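Peer 1: final.csv is reproduced below (CSV, C-alpha atoms).
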```csv
chain,number,residue,atom,x,y,z
A,25,MET,CA,-24.5,-0.4,31.0
A,26,SER,CA,-27.2,-0.9,28.4
A,27,GLU,CA,-27.4,-2.7,25.1
A,28,ILE,CA,-26.9,0.5,23.1
A,29,CYS,CA,-24.2,2.2,25.2
A,30,THR,CA,-21.6,-0.5,25.8
A,31,PRO,CA,-18.0,-0.1,27.0
A,32,SER,CA,-16.8,-1.3,23.7
A,33,ALA,CA,-18.6,1.4,21.6
A,34,PRO,CA,-15.7,3.9,21.7
A,35,PHE,CA,-13.5,1.3,20.0
A,36,PHE,CA,-15.4,1.7,16.7
A,37,GLY,CA,-15.4,5.5,17.0
A,38,PHE,CA,-11.6,5.5,17.5
A,39,MET,CA,-11.1,3.1,14.6
A,40,GLY,CA,-13.0,5.7,12.5
A,41,VAL,CA,-10.5,8.4,13.6
A,42,THR,CA,-7.6,6.1,12.7
A,43,ALA,CA,-9.0,4.9,9.4
A,44,SER,CA,-9.7,8.4,8.2
A,45,LEU,CA,-6.2,9.7,9.0
A,46,VAL,CA,-4.2,6.7,8.0
A,47,PHE,CA,-5.8,5.8,4.6
A,48,ALA,CA,-5.9,9.5,3.6
A,49,ASN,CA,-2.3,9.9,4.4
A,50,ILE,CA,-1.3,6.7,2.5
A,51,GLY,CA,-3.1,8.2,-0.5
A,52,ALA,CA,-1.4,11.5,0.0
A,53,ALA,CA,2.0,9.8,0.4
A,54,TYR,CA,1.6,7.8,-2.8
A,55,GLY,CA,0.6,10.9,-4.7
A,56,THR,CA,3.4,12.9,-3.4
A,57,ALA,CA,6.1,10.3,-4.0
A,58,LYS,CA,5.0,9.2,-7.4
A,59,SER,CA,4.5,12.8,-8.7
A,60,GLY,CA,7.8,13.8,-7.1
A,61,VAL,CA,9.7,11.2,-9.0
A,62,GLY,CA,8.2,12.4,-12.3
A,63,LEU,CA,9.0,16.0,-11.4
A,64,ALA,CA,12.6,15.3,-10.6
A,65,SER,CA,13.1,13.3,-13.8
A,66,MET,CA,11.4,16.0,-15.9
A,67,GLY,CA,13.4,18.7,-14.1
A,68,VAL,CA,16.7,17.4,-15.3
A,69,MET,CA,15.7,18.3,-18.9
A,70,ASN,CA,13.6,21.4,-18.2
A,71,PRO,CA,14.5,23.1,-14.9
A,72,HIS,CA,12.4,26.1,-15.5
A,73,LEU,CA,9.2,24.1,-15.5
A,74,VAL,CA,9.7,22.6,-12.1
A,75,MET,CA,8.0,25.2,-10.0
A,76,LYS,CA,4.9,25.2,-12.1
A,77,ASN,CA,4.6,21.5,-12.0
A,78,ILE,CA,4.6,21.2,-8.2
A,79,ILE,CA,0.8,21.3,-8.5
A,80,PRO,CA,0.2,17.5,-8.3
A,81,ILE,CA,2.2,17.4,-5.1
A,82,ILE,CA,0.2,20.2,-3.5
A,83,MET,CA,-3.1,18.5,-4.5
A,84,ALA,CA,-1.9,15.2,-3.0
A,85,GLY,CA,-1.0,17.0,0.2
A,86,VAL,CA,-4.6,18.4,0.4
A,87,LEU,CA,-5.9,14.9,0.6
A,88,GLY,CA,-3.9,14.4,3.8
A,89,ILE,CA,-5.6,17.5,5.2
A,90,TYR,CA,-9.0,16.1,4.4
A,91,GLY,CA,-8.2,13.0,6.4
A,92,LEU,CA,-7.0,15.2,9.3
A,93,ILE,CA,-10.2,17.3,9.2
A,94,VAL,CA,-12.4,14.3,9.4
A,95,SER,CA,-10.3,12.7,12.2
A,96,VAL,CA,-10.4,15.8,14.3
A,97,ILE,CA,-14.2,16.2,13.8
A,98,ILE,CA,-14.9,12.6,14.7
A,99,GLN,CA,-12.6,12.6,17.6
A,100,GLY,CA,-14.4,15.6,19.1
A,101,SER,CA,-17.7,13.7,18.9
A,102,ILE,CA,-16.6,10.7,20.9
A,103,THR,CA,-18.1,11.4,24.3
A,104,LYS,CA,-16.3,10.3,27.4
A,105,PRO,CA,-18.0,8.2,30.1
A,106,GLU,CA,-19.0,10.3,33.1
A,107,ALA,CA,-18.2,9.3,36.6
A,108,GLY,CA,-20.3,10.4,39.3
A,109,VAL,CA,-21.7,9.7,42.7
A,110,ASP,CA,-25.4,8.8,43.2
A,111,ALA,CA,-27.6,9.7,46.1
A,112,ASN,CA,-26.2,7.1,48.5
A,113,GLY,CA,-22.6,8.0,47.8
A,114,ALA,CA,-21.8,5.0,45.7
A,115,ALA,CA,-19.8,5.6,42.6
A,116,ILE,CA,-21.7,5.2,39.3
A,117,GLU,CA,-20.5,5.5,35.8
A,118,THR,CA,-22.6,6.5,32.9
A,119,LEU,CA,-21.6,5.4,29.4
A,120,LYS,CA,-22.7,8.1,27.0
A,121,TYR,CA,-21.3,7.0,23.7
A,122,SER,CA,-23.6,4.6,21.8
A,123,LEU,CA,-23.0,1.9,19.3
A,124,PHE,CA,-25.0,3.9,16.9
A,125,SER,CA,-22.5,6.8,17.1
A,126,GLY,CA,-19.6,4.4,17.1
A,127,PHE,CA,-20.5,2.6,13.9
A,128,ALA,CA,-21.5,5.9,12.2
A,129,HIS,CA,-18.1,7.4,13.1
A,130,LEU,CA,-16.3,4.2,11.8
A,131,SER,CA,-18.2,4.5,8.6
A,132,ALA,CA,-17.4,8.2,8.3
A,133,GLY,CA,-13.7,7.5,8.8
A,134,LEU,CA,-13.7,4.8,6.2
A,135,CYS,CA,-15.6,6.9,3.7
A,136,CYS,CA,-13.1,9.7,3.9
A,137,GLY,CA,-10.0,7.6,4.3
A,138,LEU,CA,-10.6,5.1,1.4
A,139,SER,CA,-11.8,7.9,-0.9
A,140,CYS,CA,-8.7,9.9,-0.3
A,141,LEU,CA,-6.6,6.8,-0.7
A,142,ALA,CA,-8.1,6.3,-4.2
A,143,ALA,CA,-7.8,9.9,-5.1
A,144,GLY,CA,-4.2,10.0,-3.9
A,145,MET,CA,-3.2,7.0,-6.1
A,146,CYS,CA,-5.0,8.6,-9.0
A,147,ILE,CA,-3.2,11.9,-8.5
A,148,GLY,CA,0.1,10.2,-8.2
A,149,ILE,CA,-0.2,8.3,-11.5
A,150,VAL,CA,-1.7,11.2,-13.4
A,151,GLY,CA,0.8,13.6,-11.9
A,152,ASP,CA,3.7,11.4,-12.8
A,153,ALA,CA,2.7,10.9,-16.4
A,154,GLY,CA,1.4,14.5,-16.6
A,155,VAL,CA,4.5,16.3,-15.6
A,156,ARG,CA,6.7,14.2,-17.9
A,157,ALA,CA,4.3,15.1,-20.7
A,158,VAL,CA,4.4,18.8,-19.9
A,159,GLY,CA,8.2,18.6,-19.9
A,160,GLN,CA,8.0,17.7,-23.5
A,161,THR,CA,5.0,19.7,-24.6
A,162,GLU,CA,4.2,22.7,-22.6
A,163,LYS,CA,0.7,23.3,-23.8
A,164,LEU,CA,-0.5,20.1,-22.2
A,165,PHE,CA,-0.3,21.8,-18.8
A,166,VAL,CA,-4.0,22.9,-18.7
A,167,ILE,CA,-5.3,19.4,-19.6
A,168,VAL,CA,-3.1,17.8,-16.9
A,169,VAL,CA,-4.4,20.2,-14.2
A,170,LEU,CA,-8.0,19.6,-15.4
A,171,ILE,CA,-7.6,15.8,-14.9
A,172,LEU,CA,-6.0,16.4,-11.5
A,173,ILE,CA,-9.0,18.4,-10.5
A,174,PHE,CA,-11.3,15.6,-11.4
A,175,ALA,CA,-9.2,13.2,-9.3
A,176,GLU,CA,-9.2,15.6,-6.3
A,177,ALA,CA,-12.9,15.8,-6.5
A,178,LEU,CA,-13.1,12.1,-5.6
A,179,GLY,CA,-11.4,12.9,-2.3
A,180,LEU,CA,-13.8,15.7,-1.8
A,181,TYR,CA,-16.8,13.4,-2.2
A,182,GLY,CA,-15.4,11.3,0.6
A,183,LEU,CA,-15.0,14.3,2.8
A,184,ILE,CA,-18.5,15.5,2.2
A,185,VAL,CA,-20.1,12.2,3.0
A,186,ALA,CA,-17.9,11.7,6.0
A,187,LEU,CA,-19.0,15.1,7.4
A,188,ILE,CA,-22.7,14.2,6.9
A,189,LEU,CA,-22.2,10.9,8.6
A,190,SER,CA,-20.3,12.3,11.5
A,191,THR,CA,-23.4,14.2,12.6
A,192,ASN,CA,-25.2,11.0,13.3
A,193,THR,CA,-24.9,10.7,17.1
A,194,TYR,CA,-27.0,9.2,19.8
A,195,ILE,CA,-26.1,10.0,23.4
A,196,CYS,CA,-27.4,7.8,26.2
A,197,GLU,CA,-28.7,9.7,29.2
B,11,MET,CA,-21.9,-8.9,29.2
B,12,SER,CA,-18.1,-8.7,29.0
B,13,SER,CA,-15.8,-11.2,30.5
B,14,TYR,CA,-12.9,-9.3,31.8
B,15,MET,CA,-15.0,-6.9,33.7
B,16,ASN,CA,-17.0,-9.6,35.4
B,17,GLY,CA,-14.0,-11.5,36.6
B,18,GLY,CA,-13.8,-14.0,33.8
B,19,SER,CA,-17.3,-15.2,33.2
B,20,CYS,CA,-18.2,-15.4,29.5
B,21,VAL,CA,-21.6,-15.5,28.1
B,22,GLY,CA,-20.6,-17.3,24.9
B,23,GLU,CA,-18.6,-20.5,25.0
B,24,PHE,CA,-15.5,-19.0,23.5
B,25,CYS,CA,-16.1,-15.5,24.9
B,26,ASN,CA,-17.5,-14.5,21.5
B,27,ALA,CA,-21.2,-13.7,22.1
B,28,GLY,CA,-20.8,-10.4,20.3
B,29,TRP,CA,-18.3,-7.7,19.5
B,30,SER,CA,-18.7,-6.3,22.9
B,31,GLU,CA,-17.5,-9.5,24.5
B,32,VAL,CA,-14.6,-9.9,22.2
B,33,LEU,CA,-13.4,-6.3,22.5
B,34,THR,CA,-13.7,-6.2,26.3
B,35,ASN,CA,-11.9,-9.5,26.6
B,36,MET,CA,-8.4,-7.9,26.6
B,37,SER,CA,-7.4,-5.7,29.4
B,38,PRO,CA,-7.4,-2.0,28.6
B,39,TYR,CA,-3.8,-1.9,29.7
B,40,GLY,CA,-3.2,-4.4,26.8
B,41,TRP,CA,-5.0,-2.2,24.3
B,42,GLY,CA,-3.0,0.8,25.5
B,43,SER,CA,0.4,-1.0,25.5
B,44,PHE,CA,-0.2,-2.3,22.0
B,45,GLY,CA,-1.0,1.2,20.8
B,46,LEU,CA,2.2,2.5,22.3
B,47,ALA,CA,4.2,-0.3,20.8
B,48,PHE,CA,2.7,0.1,17.3
B,49,GLY,CA,3.1,3.9,17.5
B,50,LEU,CA,6.8,3.7,18.1
B,51,SER,CA,7.7,0.6,16.0
B,52,LEU,CA,5.7,1.5,12.9
B,53,SER,CA,7.2,5.1,13.0
B,54,VAL,CA,10.6,3.6,13.2
B,55,ILE,CA,9.8,1.2,10.3
B,56,GLY,CA,8.7,4.1,8.2
B,57,ALA,CA,11.8,6.1,9.0
B,58,ALA,CA,14.1,3.2,8.3
B,59,TRP,CA,12.4,2.5,5.0
B,60,GLY,CA,12.8,6.2,4.0
B,61,ILE,CA,16.4,6.3,5.0
B,62,PHE,CA,17.4,3.2,3.0
B,63,LEU,CA,15.6,4.5,-0.1
B,64,THR,CA,17.3,7.9,0.2
B,65,GLY,CA,20.7,6.6,1.3
B,66,SER,CA,21.1,4.1,-1.4
B,67,SER,CA,20.3,6.6,-4.2
B,68,LEU,CA,22.5,9.2,-2.5
B,69,VAL,CA,25.7,7.1,-2.4
B,70,GLY,CA,25.0,5.7,-5.9
B,71,ALA,CA,24.7,9.2,-7.3
B,72,ALA,CA,27.6,10.5,-5.4
B,73,VAL,CA,30.0,8.2,-7.2
B,74,LYS,CA,29.9,10.5,-10.2
B,75,ALA,CA,29.0,13.7,-8.4
B,76,PRO,CA,30.7,13.8,-5.0
B,77,ARG,CA,29.6,17.4,-4.4
B,78,ILE,CA,26.1,16.3,-3.5
B,79,ARG,CA,27.0,14.3,-0.5
B,80,SER,CA,26.7,16.8,2.3
B,81,LYS,CA,23.7,18.8,1.1
B,82,ASN,CA,21.5,15.7,0.6
B,83,LEU,CA,21.9,14.5,4.1
B,84,ILE,CA,19.0,16.8,4.8
B,85,SER,CA,16.8,14.2,3.2
B,86,VAL,CA,18.0,11.6,5.6
B,87,ILE,CA,17.3,14.0,8.5
B,88,PHE,CA,13.7,14.5,7.2
B,89,CYS,CA,13.2,10.7,7.5
B,90,GLU,CA,14.7,10.6,10.9
B,91,ALA,CA,12.1,13.2,12.0
B,92,THR,CA,9.3,10.7,11.4
B,93,ALA,CA,11.0,8.4,13.9
B,94,ILE,CA,11.2,11.3,16.4
B,95,TYR,CA,7.4,11.8,16.0
B,96,GLY,CA,7.0,8.2,17.1
B,97,VAL,CA,9.2,8.7,20.1
B,98,ILE,CA,7.3,11.8,21.2
B,99,MET,CA,4.0,9.9,20.9
B,100,ALA,CA,5.4,6.9,22.9
B,101,ILE,CA,6.4,9.2,25.7
B,102,VAL,CA,3.1,11.0,25.7
B,103,LEU,CA,1.1,7.8,25.7
B,104,ASN,CA,3.3,6.3,28.4
B,105,GLY,CA,2.4,9.2,30.6
B,106,LEU,CA,-1.3,8.4,30.3
B,107,MET,CA,-1.0,4.8,31.4
B,108,LYS,CA,-1.3,4.9,35.2
B,109,LYS,CA,-1.2,2.2,37.7
B,110,PRO,CA,-4.5,1.3,39.5
B,111,GLU,CA,-3.1,2.3,42.9
B,112,GLY,CA,-6.3,3.1,44.6
B,113,GLY,CA,-8.5,0.7,42.8
B,114,VAL,CA,-7.1,-2.8,43.6
B,115,GLU,CA,-7.7,-4.7,46.8
B,116,ASP,CA,-6.6,-8.3,47.3
B,117,GLY,CA,-5.9,-8.6,43.6
B,118,ALA,CA,-9.4,-7.6,42.5
B,119,PHE,CA,-10.7,-4.2,41.3
B,120,VAL,CA,-12.9,-2.6,43.9
B,121,GLU,CA,-16.6,-1.9,43.7
B,122,GLY,CA,-17.3,1.2,41.7
B,123,TRP,CA,-14.2,1.1,39.6
B,124,ASN,CA,-14.8,3.2,36.4
B,125,TRP,CA,-14.7,0.4,33.8
B,126,GLY,CA,-16.2,2.6,31.1
B,127,ALA,CA,-13.4,5.2,31.4
B,128,MET,CA,-10.8,2.6,31.5
B,129,TYR,CA,-11.9,0.9,28.3
B,130,PHE,CA,-12.4,4.4,26.7
B,131,ALA,CA,-8.8,5.2,27.6
B,132,GLY,CA,-7.5,1.9,26.4
B,133,TYR,CA,-9.2,2.1,23.0
B,134,GLY,CA,-8.1,5.8,22.7
B,135,VAL,CA,-4.4,5.1,23.3
B,136,PHE,CA,-4.6,2.1,20.9
B,137,SER,CA,-6.1,4.3,18.2
B,138,ALA,CA,-3.7,7.2,18.8
B,139,GLY,CA,-0.7,4.9,18.6
B,140,LEU,CA,-1.9,3.2,15.4
B,141,SER,CA,-2.8,6.5,13.8
B,142,VAL,CA,0.7,7.9,14.4
B,143,GLY,CA,2.5,4.7,13.5
B,144,LEU,CA,0.7,3.9,10.2
B,145,THR,CA,0.8,7.6,9.1
B,146,ASN,CA,4.5,7.6,9.7
B,147,VAL,CA,5.0,4.5,7.6
B,148,ALA,CA,3.4,6.3,4.7
B,149,SER,CA,5.2,9.6,5.4
B,150,GLY,CA,8.6,7.9,5.8
B,151,ILE,CA,8.3,6.0,2.5
B,152,ALA,CA,7.2,9.2,0.7
B,153,VAL,CA,10.0,11.2,2.1
B,154,GLY,CA,12.4,8.4,1.1
B,155,VAL,CA,11.2,8.3,-2.5
B,156,ALA,CA,11.3,12.1,-2.7
B,157,GLY,CA,14.7,12.2,-1.2
B,158,SER,CA,16.0,9.6,-3.6
B,159,SER,CA,14.7,11.7,-6.6
B,160,CYS,CA,16.2,14.8,-5.0
B,161,ALA,CA,19.7,13.3,-4.8
B,162,LEU,CA,19.5,12.0,-8.4
B,163,ALA,CA,18.2,15.3,-9.7
B,164,ASP,CA,20.8,17.3,-7.8
B,165,ALA,CA,23.6,15.1,-9.2
B,166,GLN,CA,22.5,16.2,-12.7
B,167,ASP,CA,21.7,19.9,-12.0
B,168,PRO,CA,22.4,21.7,-8.8
B,169,SER,CA,19.6,24.2,-9.2
B,170,LEU,CA,17.1,21.4,-8.8
B,171,PHE,CA,18.0,20.6,-5.2
B,172,VAL,CA,15.9,23.2,-3.5
B,173,LYS,CA,12.9,22.7,-5.9
B,174,ILE,CA,12.7,19.0,-5.2
B,175,LEU,CA,13.2,19.6,-1.5
B,176,ILE,CA,9.7,21.3,-1.6
B,177,VAL,CA,8.3,17.9,-2.5
B,178,GLU,CA,10.0,16.4,0.5
B,179,ILE,CA,8.6,19.0,2.8
B,180,PHE,CA,5.0,18.2,1.6
B,181,ALA,CA,5.7,14.5,2.3
B,182,SER,CA,7.0,15.2,5.7
B,183,ALA,CA,3.9,17.2,6.6
B,184,LEU,CA,1.9,14.0,6.5
B,185,GLY,CA,3.8,12.8,9.6
B,186,ILE,CA,2.9,16.0,11.3
B,187,PHE,CA,-0.8,15.4,10.6
B,188,GLY,CA,-0.4,12.1,12.3
B,189,ILE,CA,1.1,13.4,15.5
B,190,ILE,CA,-1.4,16.3,15.6
B,191,VAL,CA,-4.3,13.8,15.7
B,192,GLY,CA,-2.4,11.6,18.1
B,193,ILE,CA,-1.9,14.4,20.6
B,194,ILE,CA,-5.4,15.7,20.4
B,195,GLN,CA,-6.7,12.2,20.9
B,196,SER,CA,-4.5,11.4,23.8
B,197,ASN,CA,-5.6,14.5,25.7
B,198,ASN,CA,-8.9,12.8,26.4
B,199,CYS,CA,-7.7,9.4,27.3
B,200,GLN,CA,-6.5,9.3,30.9
B,201,PHE,CA,-6.5,5.9,32.5
B,202,PRO,CA,-8.3,6.1,35.9
B,203,TYR,CA,-6.1,5.2,38.8
B,204,ASP,CA,-8.4,5.6,41.8
B,205,VAL,CA,-12.1,5.3,42.6
B,206,ALA,CA,-13.2,8.9,42.7
```
Let me see whether you can do it: turn the structure in this file into structure tokens.

Peer 2:
Amino acid sequence: MSEICTPSAPFFGFMGVTASLVFANIGAAYGTAKSGVGLASMGVMNPHLVMKNIIPIIMAGVLGIYGLIVSVIIQGSITKPEAGVDANGAAIETLKYSLFSGFAHLSAGLCCGLSCLAAGMCIGIVGDAGVRAVGQTEKLFVIVVLILIFAEALGLYGLIVALILSTNTYICE
Amino acid sequence: MSSYMNGGSCVGEFCNAGWSEVLTNMSPYGWGSFGLAFGLSLSVIGAAWGIFLTGSSLVGAAVKAPRIRSKNLISVIFCEATAIYGVIMAIVLNGLMKKPEGGVEDGAFVEGWNWGAMYFAGYGVFSAGLSVGLTNVASGIAVGVAGSSCALADAQDPSLFVKILIVEIFASALGIFGIIVGIIQSNNCQFPYDVA
């Protein structure tokens, strides 16, 4: 046991896994639900436009996948403590996961999770208003998709930074 | 440094000399059990929330359009599936939490007990349970809102049912993401039960 590799270090890494997944999925759920309500309302008046306007819901679902990707990558980097036997036969344990790695992974998880939460809320509100507008004026479709792409890029920024941060590891020997 | 591992001796006056002391102050079995409890209970809360959102819209719309009542029970079943994910996760996590059979003598943990692995497993189970539970709250509410819209749209125009069901499927996929991460995580987190 040292000052850098403590038994409590994996807690922060695991909280990064949870944060990434949970916040991204909350954003994705908000985007899906809000756009879905707009889609159903619009579909009553214009049923032939419904399939085209599923795009906001797909884009919101992609945010959930970003959260899943970062969770799985972080979770693969959390090294387990090794148990072994030293020269005299006494059992020793070596903690390999450091606080440096733990806090880096927590930060990566929060980056991706909270970015995708924000992106999901944005996609939900824009998607809801957008599909209702497209139901009335079809040529607005391209503009709505353009705005949704800008919103999706916010989640992508979170994913990129999270992937960069998740490579910051220090393993105790 | 930590209090539980050293048999109750704290460095700080309130066992709060740093995060390490605070986080290792609860037994890993406590962390694991809370994770299991949150995993199941939050999943059920999400499922219940979704079911009441869908169900209330369904029966309200069915007053004027009774033909929708059997088809739209699919939305209720989608919500129930999020509760099933919670049950699956609870059973998986329960299988990881093993009794310290070989490791306790006269009420104390033996010399050489693998504390690092025990805390690792405790935090892992807590995180897996929380991941699944909170994801299922979000997924359950989303499926509920989508199901409610589906019932109302179906009451107006029957051709819309399948199209709005696609929205529900996307919402339900979020719960699957949660259980995927939970199962991958729990693979690594076996509680030690013997000195080996």

Peer 1: Set the distance at 12 Å and use all atoms listed in the file: which residues neighbour Ile78 (chain B) once local chain neighbours fewer than 3 positions away are removed? I'd like the list as a ChimeraX atom specification.

Peer 2: /B:67-75,81-85,160-171

Peer 1: Tell me which of B:Ser137, B:Ser53, B:Asn146, B:Ser80 sits closest to chain A, counting all atoms listed in the file.

Peer 2: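 Looking only at the distances to chain A, the closest residue turns out to be B:Ser137.
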
Peer 1: Hey, can you pull every residue with an atom no more than 8 Å from (-14.1, -1.7, 20.1), using only C-alpha atoms, and send it as a list in words?

Peer 2: Ser32, Ala33, Pro34, Phe35, Phe36, Gly37 and Met39 of chain A; Trp29, Ser30, Leu33, Thr34 and Tyr133 of chain B

Peer 1: Nearest to Ile179 (chain B) among A:Gly40, A:Gly144, A:Gly60, A:Gly51, with distances taken over all atoms listed in the file: which residue is it?

Peer 2: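 The closest residue to Ile179 (chain B) is A:Gly60.
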
Peer 1: Pick from B:Asn35, B:Asn104, B:Ser19, B:Ser66: nearest to chain A, with all atoms listed in the file counted?

Peer 2: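 Selected residue with least distance to chain A: B:Asn35.
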
Peer 1: Taking only C-alpha atoms into account, which of A:Pro105, A:Gly159, A:Pro80, A:Gly91 comes nearest chain B?

Peer 2: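 The closest residue to chain B is A:Pro105.
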
Peer 1: Can you list, as number ranges by chain, every protein, DNA or RNA residue that comes within 7 Å of Gly42 (chain B) when you count only C-alpha atoms, leaving out same-chain residues fewer than 4 positions away?

Peer 2: B: 38, 46, 132-133, 135-136

Peer 1: So which one's closest to chain A, B:Glu31, B:Val21, B:Ala118, B:Phe88? Using only C-alpha atoms, please.

Peer 2: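 Of B:Glu31, B:Val21, B:Ala118, B:Phe88, the one nearest chain A, counting only C-alpha atoms, is B:Glu31.
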
Peer 1: Considering only C-alpha atoms, tabulate each residue of chain B that lies at most 7 Å from chain A along with its nearest interatomic pair and the corresponding distance in Å to one decimal; arrange the rows by chain and ascending residue number and present them as a Markdown table.

Peer 2:
```
| residue | atom | partner | partner_atom | distance |
| --- | --- | --- | --- | --- |
| B:Ser30 | CA | A:Ser32 | CA | 5.4 |
| B:Leu33 | CA | A:Ser32 | CA | 6.2 |
| B:Thr34 | CA | A:Ser32 | CA | 6.4 |
| B:Gly122 | CA | A:Ala115 | CA | 5.1 |
| B:Asn124 | CA | A:Glu117 | CA | 6.2 |
| B:Gly126 | CA | A:Pro31 | CA | 5.2 |
| B:Ala127 | CA | A:Pro105 | CA | 5.6 |
| B:Tyr129 | CA | A:Pro31 | CA | 6.3 |
| B:Phe130 | CA | A:Pro34 | CA | 6.0 |
| B:Tyr133 | CA | A:Phe35 | CA | 5.3 |
| B:Gly134 | CA | A:Phe38 | CA | 6.3 |
| B:Ser137 | CA | A:Phe38 | CA | 5.7 |
| B:Leu140 | CA | A:Thr42 | CA | 6.9 |
| B:Ser141 | CA | A:Thr42 | CA | 4.9 |
| B:Leu144 | CA | A:Val46 | CA | 6.1 |
| B:Thr145 | CA | A:Val46 | CA | 5.2 |
| B:Ala148 | CA | A:Ile50 | CA | 5.2 |
| B:Ser149 | CA | A:Ala53 | CA | 5.9 |
| B:Ala152 | CA | A:Ala57 | CA | 5.0 |
| B:Val155 | CA | A:Ala57 | CA | 5.7 |
| B:Ala156 | CA | A:Ala57 | CA | 5.7 |
| B:Ser159 | CA | A:Val61 | CA | 5.6 |
| B:Cys160 | CA | A:Ala64 | CA | 6.7 |
| B:Ala163 | CA | A:Ala64 | CA | 5.7 |
| B:Gln166 | CA | A:Val68 | CA | 6.5 |
| B:Asp167 | CA | A:Val68 | CA | 6.5 |
| B:Leu170 | CA | A:Pro71 | CA | 6.8 |
| B:Lys173 | CA | A:Met75 | CA | 6.9 |
| B:Ile174 | CA | A:Ala64 | CA | 6.5 |
| B:Val177 | CA | A:Gly60 | CA | 6.2 |
| B:Phe180 | CA | A:Gly85 | CA | 6.3 |
| B:Ala181 | CA | A:Ala53 | CA | 6.3 |
| B:Leu184 | CA | A:Asn49 | CA | 6.2 |
| B:Phe187 | CA | A:Leu92 | CA | 6.3 |
| B:Val191 | CA | A:Val96 | CA | 6.6 |
| B:Gln195 | CA | A:Gln99 | CA | 6.8 |
```

Peer 1: Just give me the gap between CA of Ala47 (chain B) and CA of Cys199 (chain B) in Å, one decimal is fine.

Peer 2: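 Answer for the CA of Ala47 (chain B) to CA of Cys199 (chain B) separation: 16.7 Å.
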
Peer 1: Could you work out how far CA of Val205 (chain B) lies from CA of Tyr39 (chain B), giving the answer in Å with one decimal?

Peer 2: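 That distance, rounded to one decimal, is 16.9 Å.
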
Peer 1: Could you pull the residues within 9 Å of Gly105 (chain B), counting only C-alpha atoms, minus those fewer than 4 positions along the same chain, as a ChimeraX atom specification?

Peer 2: /B:100-101,200

Peer 1: Can you tell me how far CA of Ile194 (chain B) sits from CA of Ile147 (chain A), in Å to one decimal?

Peer 2: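 Pair CA of Ile194 (chain B) / CA of Ile147 (chain A) returns 29.2 Å.
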
Peer 1: Rank nothing, just name the residue among A:Val166, A:Ile98, A:Ile149, A:Ala142 nearest to Ser125 (chain A), using all atoms listed in the file.

Peer 2: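 Closest candidate: A:Ile98.
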